[in-house]
Amino acid sequence: MQGFNRRCGLALLCAGVLAALLNLILTPLLLNSDAPPAARPTTSVYLLRQSASAVVALLLIFGSLGLHLAQRAASGVFGAAAFLSAFMGSCFLFAVEFADVFVLRPVAQASADTYLAIDKDPLMNLGFASAVGLFAVGWILLSINVLRTGRHARWAAVATLAGPFLIPALQAACGVIGAIVGNVVLGVGWMGLGWSLARSD
C-alpha cells in the first residue's frame, strides 16, 4: 500500500509541475495567438494545452486517492467527503478536457459558427461550471483535511487551499495574468503535497 501511495504522490507532483508549466507557457501562447476566438480550438497550441490539462486531471484523480489512503485513519467522515468531492471533481474535469480535445476541436474545425453556438449554450456552460465547481470545492476540502490531520506539508495544503480562491480573485483584479498566477500557486501546492506524499513512510 505504501508503494501505491508513493506512486500516487509522484502523480500529484507531476500534475502540479504540468499545471504550472501549461499555465506559464501554453496559456499565454494560446491567448496571444493571431487566431480569432472561434478559431483557437483549431490551433495546435489549443490541442497541446487541453491535452496537457486532461493529463493533469487524470494525475489528480490518482493524487487525491493517494492522499486519502495515506490519512484515512485520521480523516473521519469529513475526510471521506473531501476525498469523494476531489475525486469526482477531478473525474468531471477530465471529462470536460476530453470533450474539448475530441469533440469541440473537431466541431470548430468543421464549422466556427457551430462551435460558437455550442460554446454559448446554457447547458454546456452549466456542465462546465458544475465540473469546475465540484473540482474546486473538493480540493479545498481535501486541503483542509490535510491541515486537520497534519500528515503532510502544511504550506502545500495552504497553497492548494488558496489556489481556487486566488484564481477568480486575481483574474478579476489583473485579468489573465492574475488567473495564471492563481493557477501556478495551485500547481505549486499540488507539487508540495505530492512530494510530501511520495516521501511519507
# chains A, B, ... in the order shown; residues from 1 in each chain; ligands from 1
$ residues_around --residues "Ala153 (chain A)" --least-positions-apart "6" --cutoff "7 Å" --atoms "only C-alpha atoms" --output "PyMOL selection string"
chain A and resi 192-193+196
$ residues_around --residues "Val176 (chain A)" --least-positions-apart "4" --cutoff "12 Å" --atoms "only C-alpha atoms" --output "PyMOL selection string"
chain A and resi 23-24+27-28+30-32+167-172+180-183
$ write_last_selection --atoms "N, CA and C atoms" --output "mmCIF file, in the first residue's frame"
data_model
loop_
_atom_site.group_PDB
_atom_site.id
_atom_site.type_symbol
_atom_site.label_atom_id
_atom_site.label_comp_id
_atom_site.auth_asym_id
_atom_site.auth_seq_id
_atom_site.Cartn_x
_atom_site.Cartn_y
_atom_site.Cartn_z
ATOM 1 N N ASN A 23 0.226 26.662 -17.666
ATOM 2 C CA ASN A 23 -0.305 27.997 -17.425
ATOM 3 C C ASN A 23 0.733 29.081 -17.678
ATOM 4 N N LEU A 24 1.999 28.773 -17.456
ATOM 5 C CA LEU A 24 3.060 29.756 -17.690
ATOM 6 C C LEU A 24 3.448 29.862 -19.161
ATOM 7 N N THR A 27 -0.834 28.706 -21.987
ATOM 8 C CA THR A 27 -1.952 29.650 -21.903
ATOM 9 C C THR A 27 -1.612 30.994 -22.536
ATOM 10 N N PRO A 28 -0.459 31.617 -22.220
ATOM 11 C CA PRO A 28 -0.119 32.871 -22.908
ATOM 12 C C PRO A 28 0.026 32.707 -24.420
ATOM 13 N N LEU A 30 -1.574 30.606 -26.319
ATOM 14 C CA LEU A 30 -2.912 30.472 -26.894
ATOM 15 C C LEU A 30 -3.622 31.816 -26.956
ATOM 16 N N LEU A 31 -3.539 32.583 -25.880
ATOM 17 C CA LEU A 31 -4.250 33.857 -25.819
ATOM 18 C C LEU A 31 -3.608 34.924 -26.699
ATOM 19 N N ASN A 32 -2.302 34.801 -26.942
ATOM 20 C CA ASN A 32 -1.600 35.785 -27.762
ATOM 21 C C ASN A 32 -1.520 35.399 -29.228
ATOM 22 N N ILE A 167 -7.515 32.249 -8.018
ATOM 23 C CA ILE A 167 -7.728 32.270 -9.472
ATOM 24 C C ILE A 167 -8.810 33.277 -9.868
ATOM 25 N N PRO A 168 -10.050 33.186 -9.333
ATOM 26 C CA PRO A 168 -11.061 34.178 -9.733
ATOM 27 C C PRO A 168 -10.774 35.576 -9.183
ATOM 28 N N ALA A 169 -10.197 35.645 -7.970
ATOM 29 C CA ALA A 169 -9.937 36.964 -7.375
ATOM 30 C C ALA A 169 -8.875 37.721 -8.166
ATOM 31 N N LEU A 170 -7.776 37.055 -8.483
ATOM 32 C CA LEU A 170 -6.713 37.713 -9.241
ATOM 33 C C LEU A 170 -7.117 37.963 -10.690
ATOM 34 N N GLN A 171 -7.946 37.075 -11.245
ATOM 35 C CA GLN A 171 -8.427 37.309 -12.605
ATOM 36 C C GLN A 171 -9.292 38.561 -12.666
ATOM 37 N N ALA A 172 -10.141 38.746 -11.645
ATOM 38 C CA ALA A 172 -10.978 39.944 -11.593
ATOM 39 C C ALA A 172 -10.134 41.201 -11.437
ATOM 40 N N ILE A 180 -3.405 33.245 -14.289
ATOM 41 C CA ILE A 180 -2.215 32.409 -14.455
ATOM 42 C C ILE A 180 -1.476 32.279 -13.124
ATOM 43 N N VAL A 181 -1.327 33.402 -12.409
ATOM 44 C CA VAL A 181 -0.644 33.370 -11.115
ATOM 45 C C VAL A 181 -1.390 32.464 -10.135
ATOM 46 N N GLY A 182 -2.719 32.590 -10.088
ATOM 47 C CA GLY A 182 -3.510 31.741 -9.202
ATOM 48 C C GLY A 182 -3.358 30.270 -9.534
ATOM 49 N N ASN A 183 -3.335 29.938 -10.817
ATOM 50 C CA ASN A 183 -3.155 28.543 -11.227
ATOM 51 C C ASN A 183 -1.766 28.020 -10.883
#
$ select_by_dssp --residues "region 10-161 of chain A" --states "alpha helix (DSSP H)" --output "number ranges by chain"
A: 10-21, 27-31, 44-99, 105-110, 112-119, 122-149, 154-161
$ write_last_selection --atoms "C-alpha atoms" --output "CSV table (one decimal), in the first residue's frame"
chain,number,residue,atom,x,y,z
A,10,LEU,CA,4.5,11.2,-7.8
A,11,ALA,CA,1.4,11.5,-9.9
A,12,LEU,CA,0.3,14.5,-7.8
A,13,LEU,CA,3.8,16.0,-8.1
A,14,CYS,CA,3.7,15.6,-11.9
A,15,ALA,CA,0.2,17.1,-12.0
A,16,GLY,CA,1.5,20.2,-10.2
A,17,VAL,CA,4.5,20.6,-12.4
A,18,LEU,CA,2.5,20.2,-15.6
A,19,ALA,CA,-0.3,22.6,-14.4
A,20,ALA,CA,2.3,25.3,-13.6
A,21,LEU,CA,4.1,24.8,-17.0
A,27,THR,CA,-2.0,29.7,-21.9
A,28,PRO,CA,-0.1,32.9,-22.9
A,29,LEU,CA,0.7,31.3,-26.3
A,30,LEU,CA,-2.9,30.5,-26.9
A,31,LEU,CA,-4.2,33.9,-25.8
A,44,SER,CA,-2.0,23.1,-32.3
A,45,VAL,CA,-1.4,25.2,-29.2
A,46,TYR,CA,-5.0,24.6,-28.1
A,47,LEU,CA,-4.7,20.8,-28.8
A,48,LEU,CA,-1.5,20.7,-26.7
A,49,ARG,CA,-2.9,22.8,-23.9
A,50,GLN,CA,-6.1,20.9,-23.5
A,51,SER,CA,-4.4,17.6,-23.8
A,52,ALA,CA,-2.0,18.6,-21.1
A,53,SER,CA,-4.9,19.7,-18.9
A,54,ALA,CA,-6.6,16.3,-19.4
A,55,VAL,CA,-3.4,14.6,-18.2
A,56,VAL,CA,-3.3,16.9,-15.2
A,57,ALA,CA,-6.9,16.0,-14.3
A,58,LEU,CA,-6.1,12.3,-14.7
A,59,LEU,CA,-3.0,12.5,-12.5
A,60,LEU,CA,-5.0,14.4,-9.9
A,61,ILE,CA,-7.5,11.5,-9.7
A,62,PHE,CA,-4.7,9.3,-8.5
A,63,GLY,CA,-3.2,12.0,-6.4
A,64,SER,CA,-6.5,12.5,-4.5
A,65,LEU,CA,-6.7,8.8,-3.9
A,66,GLY,CA,-3.2,8.6,-2.5
A,67,LEU,CA,-3.8,11.5,-0.2
A,68,HIS,CA,-7.0,9.9,1.2
A,69,LEU,CA,-5.4,6.5,1.7
A,70,ALA,CA,-2.4,7.9,3.5
A,71,GLN,CA,-4.5,9.7,6.1
A,72,ARG,CA,-7.9,7.9,6.1
A,73,ALA,CA,-7.4,6.6,9.7
A,74,ALA,CA,-7.3,10.2,11.0
A,75,SER,CA,-9.7,11.7,8.5
A,76,GLY,CA,-13.1,10.5,9.6
A,77,VAL,CA,-16.3,11.4,7.8
A,78,PHE,CA,-15.1,14.8,6.8
A,79,GLY,CA,-12.0,13.3,5.1
A,80,ALA,CA,-14.1,10.8,3.2
A,81,ALA,CA,-16.5,13.5,2.0
A,82,ALA,CA,-13.5,15.7,1.0
A,83,PHE,CA,-11.9,12.8,-0.9
A,84,LEU,CA,-15.1,11.9,-2.7
A,85,SER,CA,-15.6,15.6,-3.8
A,86,ALA,CA,-12.0,15.9,-5.0
A,87,PHE,CA,-12.0,12.6,-6.8
A,88,MET,CA,-15.3,13.1,-8.6
A,89,GLY,CA,-14.4,16.7,-9.4
A,90,SER,CA,-11.1,15.6,-11.0
A,91,CYS,CA,-13.1,12.9,-12.9
A,92,PHE,CA,-15.5,15.5,-14.2
A,93,LEU,CA,-12.7,17.9,-15.1
A,94,PHE,CA,-11.0,15.1,-17.1
A,95,ALA,CA,-14.3,14.6,-19.0
A,96,VAL,CA,-14.5,18.3,-19.8
A,97,GLU,CA,-10.9,18.4,-21.1
A,98,PHE,CA,-11.5,15.1,-23.0
A,99,ALA,CA,-14.5,16.7,-24.7
A,105,ARG,CA,-12.0,20.9,-31.6
A,106,PRO,CA,-13.3,18.8,-34.5
A,107,VAL,CA,-16.6,20.8,-34.3
A,108,ALA,CA,-14.6,24.1,-34.6
A,109,GLN,CA,-12.6,22.7,-37.5
A,110,ALA,CA,-15.8,21.8,-39.3
A,112,ALA,CA,-16.8,28.0,-36.5
A,113,ASP,CA,-20.5,29.1,-36.2
A,114,THR,CA,-21.5,25.7,-34.8
A,115,TYR,CA,-18.6,25.9,-32.3
A,116,LEU,CA,-19.7,29.4,-31.1
A,117,ALA,CA,-23.3,28.2,-30.8
A,118,ILE,CA,-22.2,25.2,-28.6
A,119,ASP,CA,-19.9,27.4,-26.6
A,122,PRO,CA,-26.5,27.4,-21.3
A,123,LEU,CA,-26.4,23.7,-20.7
A,124,MET,CA,-22.8,23.5,-21.9
A,125,ASN,CA,-21.9,26.3,-19.6
A,126,LEU,CA,-23.8,24.7,-16.7
A,127,GLY,CA,-22.0,21.4,-17.2
A,128,PHE,CA,-18.6,23.2,-17.3
A,129,ALA,CA,-19.4,25.3,-14.2
A,130,SER,CA,-20.6,22.2,-12.3
A,131,ALA,CA,-17.4,20.3,-13.1
A,132,VAL,CA,-15.1,23.1,-12.2
A,133,GLY,CA,-17.1,24.0,-9.1
A,134,LEU,CA,-17.0,20.4,-7.7
A,135,PHE,CA,-13.3,20.2,-8.5
A,136,ALA,CA,-12.6,23.4,-6.6
A,137,VAL,CA,-14.7,22.5,-3.6
A,138,GLY,CA,-13.2,19.0,-3.5
A,139,TRP,CA,-9.6,20.2,-3.4
A,140,ILE,CA,-10.5,23.0,-0.9
A,141,LEU,CA,-11.9,20.3,1.4
A,142,LEU,CA,-9.1,17.9,0.8
A,143,SER,CA,-6.6,20.7,1.6
A,144,ILE,CA,-8.4,21.5,4.9
A,145,ASN,CA,-8.4,17.8,5.8
A,146,VAL,CA,-4.6,17.7,5.2
A,147,LEU,CA,-4.3,20.6,7.6
A,148,ARG,CA,-6.6,18.8,10.1
A,149,THR,CA,-4.6,15.6,10.1
A,154,ARG,CA,1.1,22.3,5.7
A,155,TRP,CA,2.5,25.0,3.4
A,156,ALA,CA,1.5,22.9,0.4
A,157,ALA,CA,-2.0,22.4,1.8
A,158,VAL,CA,-2.3,26.2,2.3
A,159,ALA,CA,-1.2,26.8,-1.3
A,160,THR,CA,-3.7,24.3,-2.6
A,161,LEU,CA,-6.4,25.8,-0.4
$ atom_distance --atom1 "CA of Arg7 (chain A)" --atom2 "CA of Ala198 (chain A)"
6.7 Å
$ atom_distance --atom1 "CA of Ala179 (chain A)" --atom2 "CA of Thr43 (chain A)"
21.7 Å
$ atom_distance --atom1 "CA of Pro41 (chain A)" --atom2 "CA of Val184 (chain A)"
22.9 Å
